[in-house]
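In what follows, a structure is listed as structure tokens, so that the remarks can point back to it.
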Amino acid sequence: TEENQRNSALESDGGSESSDTAAGKVLVNEIQRFSRGLMLGIAYSSTTGGIATLTGSIPNRILAGMDPIAEEVDWIMWFRFALPISFCTFLAAWAVLHLRYVRGTRGLTMSKEVLEAEYKELLDGIGPFTRDEVMVGFLQFVQIVLLILNPFLDSVVVTKYGVSLISDFVLAAIPSVLLFVIPSSVRHGQSVLTWPDVHERFDFGILLLIGGGFAIRAGFNE
């Protein structure tokens with residue numbers, strides 16, 4: 001009788017270990033599945049968001065610089081046209097990712113300790129939230145508002161000949177210039193954006209390539 005009880009206990013222990021192993025494999029598969037969906041979601045969000053504005057992606061700006069679109073389409077016209085398309089593609093991408101990679105997952109939970117560890121790693125990597133980030137976000141918001149209000153601002157600043165001095169390019173450049181003027185709360189004695197940062201991180205090759213293409217096109221047209 002005692003031997004039978006020991007055999008039953010061993011069988012139950014073996015069964016629990018095998019069930020734990022199976023549950024662990026299921027959890028790993030769910031995490032890998034969700035991770036693939038997350039990476040695709042980043043790519044899809046970049047595409048769906050970039051559709052909405054002329055400045056959202058480089059192909060939009062190239063298309064807007066071609067004849068006959070160059071003289072007819074401005075930022076707000078493109079925004080009114082592309083925003084519904086962007087919203088619809090966002091819903092479609094969310095539905096596809098949810099049905100393919102999220103639906104059916106049950107074990108994707110994170111404990112408080114894991115979240116705290118991730119937050120600490122994030123702070124160690126990029127530092128705490130500062131006023132510089134607030135100013136960048138605020139100026140980005142101001143830039144979008146100015147571009148939306150561009151049709152109403154055309155008649156505000158004009159020359160004596162009736163030519164408007166306000167354009168999409170001017171409104172887009174104003175917040176960028178202010179970043180070179182507003183003092184930084186992290187780097188004392190410097191502005192939020194400095195020229196060495198721009199020179200180091202901005203890809204001037206792409207700018208020259210696109211601008212050169214527009215210049216060559218304009219030269220042939222003339």
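Identifiers in the structure tokens: chain A, B, ... in order shown; residue index from 1 per chain; ligand index from 1 in order shown.
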Next on the checklist: Taking the DSSP secondary structure from the backbone, can you list the residues of segment 69-221 of chain A that are alpha helix (DSSP H), as a ChimeraX atom specification?
Outcome noted: /A:75-97,112-126,131-148,150-153,168-179,195-201,204-221
Item to check | Spatial neighbours of Asp132 of chain A, max dist 9 Å, only C-alpha atoms, sep filter under 6 positions, as JSON, numbers by chain | outcome: {"A": [183, 184, 185, 186, 192]}
Which residues are near Ile144 of chain A? Cut-off 12 Å, only C-alpha atoms, ignore same chain within fewer than 6 positions. Put them as a PDB file with N, CA and C atoms, in the first residue's frame.
ATOM      1  N   ALA A  52      -0.694  61.041 -43.470  1.00  0.00           N
ATOM      2  CA  ALA A  52      -1.621  62.126 -43.154  1.00  0.00           C
ATOM      3  C   ALA A  52      -1.112  63.508 -43.539  1.00  0.00           C
ATOM      4  N   THR A  53       0.187  63.742 -43.549  1.00  0.00           N
ATOM      5  CA  THR A  53       0.708  65.092 -43.790  1.00  0.00           C
ATOM      6  C   THR A  53       1.790  65.063 -44.861  1.00  0.00           C
ATOM      7  N   LEU A  54       2.023  66.229 -45.438  1.00  0.00           N
ATOM      8  CA  LEU A  54       3.094  66.351 -46.424  1.00  0.00           C
ATOM      9  C   LEU A  54       4.462  66.127 -45.806  1.00  0.00           C
ATOM     10  N   THR A  55       4.606  66.537 -44.563  1.00  0.00           N
ATOM     11  CA  THR A  55       5.887  66.396 -43.879  1.00  0.00           C
ATOM     12  C   THR A  55       6.004  65.062 -43.143  1.00  0.00           C
ATOM     13  N   GLY A  56       5.014  64.196 -43.277  1.00  0.00           N
ATOM     14  CA  GLY A  56       5.042  62.925 -42.552  1.00  0.00           C
ATOM     15  C   GLY A  56       6.031  61.931 -43.115  1.00  0.00           C
ATOM     16  N   TRP A  75      -0.132  72.240 -47.520  1.00  0.00           N
ATOM     17  CA  TRP A  75      -0.158  71.318 -46.381  1.00  0.00           C
ATOM     18  C   TRP A  75      -1.578  71.007 -45.929  1.00  0.00           C
ATOM     19  N   ILE A  76      -2.416  72.014 -45.800  1.00  0.00           N
ATOM     20  CA  ILE A  76      -3.764  71.808 -45.279  1.00  0.00           C
ATOM     21  C   ILE A  76      -4.633  71.052 -46.274  1.00  0.00           C
ATOM     22  N   PHE A  79      -3.665  67.504 -45.903  1.00  0.00           N
ATOM     23  CA  PHE A  79      -4.136  67.001 -44.617  1.00  0.00           C
ATOM     24  C   PHE A  79      -5.622  66.645 -44.683  1.00  0.00           C
ATOM     25  N   GLY A 137       7.730  69.095 -27.663  1.00  0.00           N
ATOM     26  CA  GLY A 137       6.362  68.673 -27.933  1.00  0.00           C
ATOM     27  C   GLY A 137       5.418  69.852 -28.135  1.00  0.00           C
ATOM     28  N   PHE A 138       5.592  70.911 -27.333  1.00  0.00           N
ATOM     29  CA  PHE A 138       4.739  72.090 -27.465  1.00  0.00           C
ATOM     30  C   PHE A 138       4.942  72.781 -28.803  1.00  0.00           C
ATOM     31  N   ASN A 150      -2.982  78.088 -41.838  1.00  0.00           N
ATOM     32  CA  ASN A 150      -2.301  78.808 -42.911  1.00  0.00           C
ATOM     33  C   ASN A 150      -3.259  79.542 -43.852  1.00  0.00           C
ATOM     34  N   ASP A 168       3.745  77.500 -46.178  1.00  0.00           N
ATOM     35  CA  ASP A 168       3.985  76.287 -45.403  1.00  0.00           C
ATOM     36  C   ASP A 168       5.425  76.207 -44.919  1.00  0.00           C
ATOM     37  N   LEU A 171       6.000  78.665 -41.942  1.00  0.00           N
ATOM     38  CA  LEU A 171       5.354  78.185 -40.722  1.00  0.00           C
ATOM     39  C   LEU A 171       6.041  76.946 -40.177  1.00  0.00           C
ATOM     40  N   ALA A 172       6.572  76.113 -41.049  1.00  0.00           N
ATOM     41  CA  ALA A 172       7.291  74.926 -40.586  1.00  0.00           C
ATOM     42  C   ALA A 172       8.649  75.279 -39.994  1.00  0.00           C
ATOM     43  N   ALA A 173       9.246  76.383 -40.473  1.00  0.00           N
ATOM     44  CA  ALA A 173      10.579  76.756 -40.003  1.00  0.00           C
ATOM     45  C   ALA A 173      10.558  77.530 -38.691  1.00  0.00           C
ATOM     46  N   ILE A 174       9.445  78.212 -38.378  1.00  0.00           N
ATOM     47  CA  ILE A 174       9.395  79.037 -37.167  1.00  0.00           C
ATOM     48  C   ILE A 174       9.672  78.222 -35.899  1.00  0.00           C
ATOM     49  N   PRO A 175       8.986  77.096 -35.641  1.00  0.00           N
ATOM     50  CA  PRO A 175       9.305  76.328 -34.429  1.00  0.00           C
ATOM     51  C   PRO A 175      10.733  75.794 -34.416  1.00  0.00           C
TER      52      PRO A 175
END
Next on the checklist: If we count only C-alpha atoms and set the cut-off at 12 Å, which residues sit around segment 207-211 of chain A, ignoring sequence neighbours fewer than 3 positions away in its own chain? Please answer as a PyMOL selection string.
Outcome noted: chain A and resi 58-66+202-204+214-218
Write the residues you've just listed into a file as a short mmCIF file (atom, residue, chain, number, x, y, z; two decimals), in the first residue's frame, and include N, CA, C and O atoms for each of them.
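Output contents, as saved in result.cif:
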data_model
loop_
_atom_site.label_atom_id
_atom_site.label_comp_id
_atom_site.auth_asym_id
_atom_site.auth_seq_id
_atom_site.Cartn_x
_atom_site.Cartn_y
_atom_site.Cartn_z
N ILE A 58 9.05 61.34 -46.62
CA ILE A 58 9.77 61.94 -47.75
C ILE A 58 9.03 61.74 -49.07
O ILE A 58 8.96 62.67 -49.89
N PRO A 59 8.45 60.55 -49.36
CA PRO A 59 7.73 60.41 -50.64
C PRO A 59 6.59 61.41 -50.81
O PRO A 59 6.33 61.86 -51.93
N ASN A 60 5.91 61.78 -49.73
CA ASN A 60 4.85 62.78 -49.83
C ASN A 60 5.41 64.12 -50.31
O ASN A 60 4.82 64.79 -51.16
N ARG A 61 6.54 64.51 -49.73
CA ARG A 61 7.15 65.79 -50.11
C ARG A 61 7.64 65.76 -51.55
O ARG A 61 7.55 66.76 -52.27
N ILE A 62 8.16 64.61 -51.99
CA ILE A 62 8.61 64.48 -53.38
C ILE A 62 7.43 64.60 -54.33
O ILE A 62 7.48 65.29 -55.35
N LEU A 63 6.33 63.92 -54.00
CA LEU A 63 5.13 63.99 -54.84
C LEU A 63 4.59 65.42 -54.90
O LEU A 63 4.20 65.90 -55.96
N ALA A 64 4.59 66.10 -53.76
CA ALA A 64 4.08 67.48 -53.73
C ALA A 64 4.96 68.43 -54.51
O ALA A 64 4.51 69.52 -54.87
N GLY A 65 6.22 68.07 -54.78
CA GLY A 65 7.10 68.94 -55.54
C GLY A 65 7.04 68.73 -57.03
O GLY A 65 7.73 69.42 -57.77
N MET A 66 6.22 67.79 -57.49
CA MET A 66 6.13 67.51 -58.92
C MET A 66 4.99 68.31 -59.55
O MET A 66 3.99 68.61 -58.91
N PHE A 202 21.58 65.00 -38.42
CA PHE A 202 20.72 65.23 -39.58
C PHE A 202 21.40 64.74 -40.85
O PHE A 202 22.59 64.99 -41.05
N ASP A 203 20.64 64.04 -41.69
CA ASP A 203 21.19 63.49 -42.92
C ASP A 203 21.07 64.53 -44.03
O ASP A 203 20.04 64.64 -44.71
N PHE A 204 22.11 65.33 -44.20
CA PHE A 204 22.09 66.36 -45.23
C PHE A 204 22.15 65.76 -46.63
O PHE A 204 21.77 66.41 -47.61
N PHE A 214 14.73 68.51 -57.34
CA PHE A 214 13.78 69.59 -57.64
C PHE A 214 14.42 70.68 -58.48
O PHE A 214 13.81 71.24 -59.40
N ALA A 215 15.67 71.02 -58.17
CA ALA A 215 16.35 72.07 -58.93
C ALA A 215 16.57 71.66 -60.38
O ALA A 215 16.37 72.46 -61.31
N ILE A 216 16.96 70.41 -60.60
CA ILE A 216 17.17 69.94 -61.97
C ILE A 216 15.85 69.93 -62.74
O ILE A 216 15.78 70.34 -63.91
N ARG A 217 14.77 69.49 -62.07
CA ARG A 217 13.46 69.49 -62.72
C ARG A 217 13.03 70.90 -63.11
O ARG A 217 12.55 71.15 -64.21
N ALA A 218 13.23 71.85 -62.16
CA ALA A 218 12.85 73.24 -62.45
C ALA A 218 13.70 73.80 -63.60
O ALA A 218 13.19 74.56 -64.45
#
Next on the checklist: Between atom CA of Lys112 of chain A and atom CA of Arg36 of chain A, what is the distance in Å, rounded to a tenth?
Outcome noted: 23.8 Å
Item to check | Contact residues around Thr48 of chain A with only C-alpha atoms at 6 Å, ignoring same-chain residues under 3 positions, as a list in words | outcome: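 Residues near the query, excluding close chain neighbours: Ser45, Ile51, Ser86 and Phe90 of chain A.
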Checklist entry - Pick from A:Ser46, A:Leu99, A:Ala92, A:Glu72: nearest to Arg33 of chain A, with only C-alpha atoms counted? => result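 Counting only C-alpha atoms, the residue closest to Arg33 of chain A is A:Leu99.
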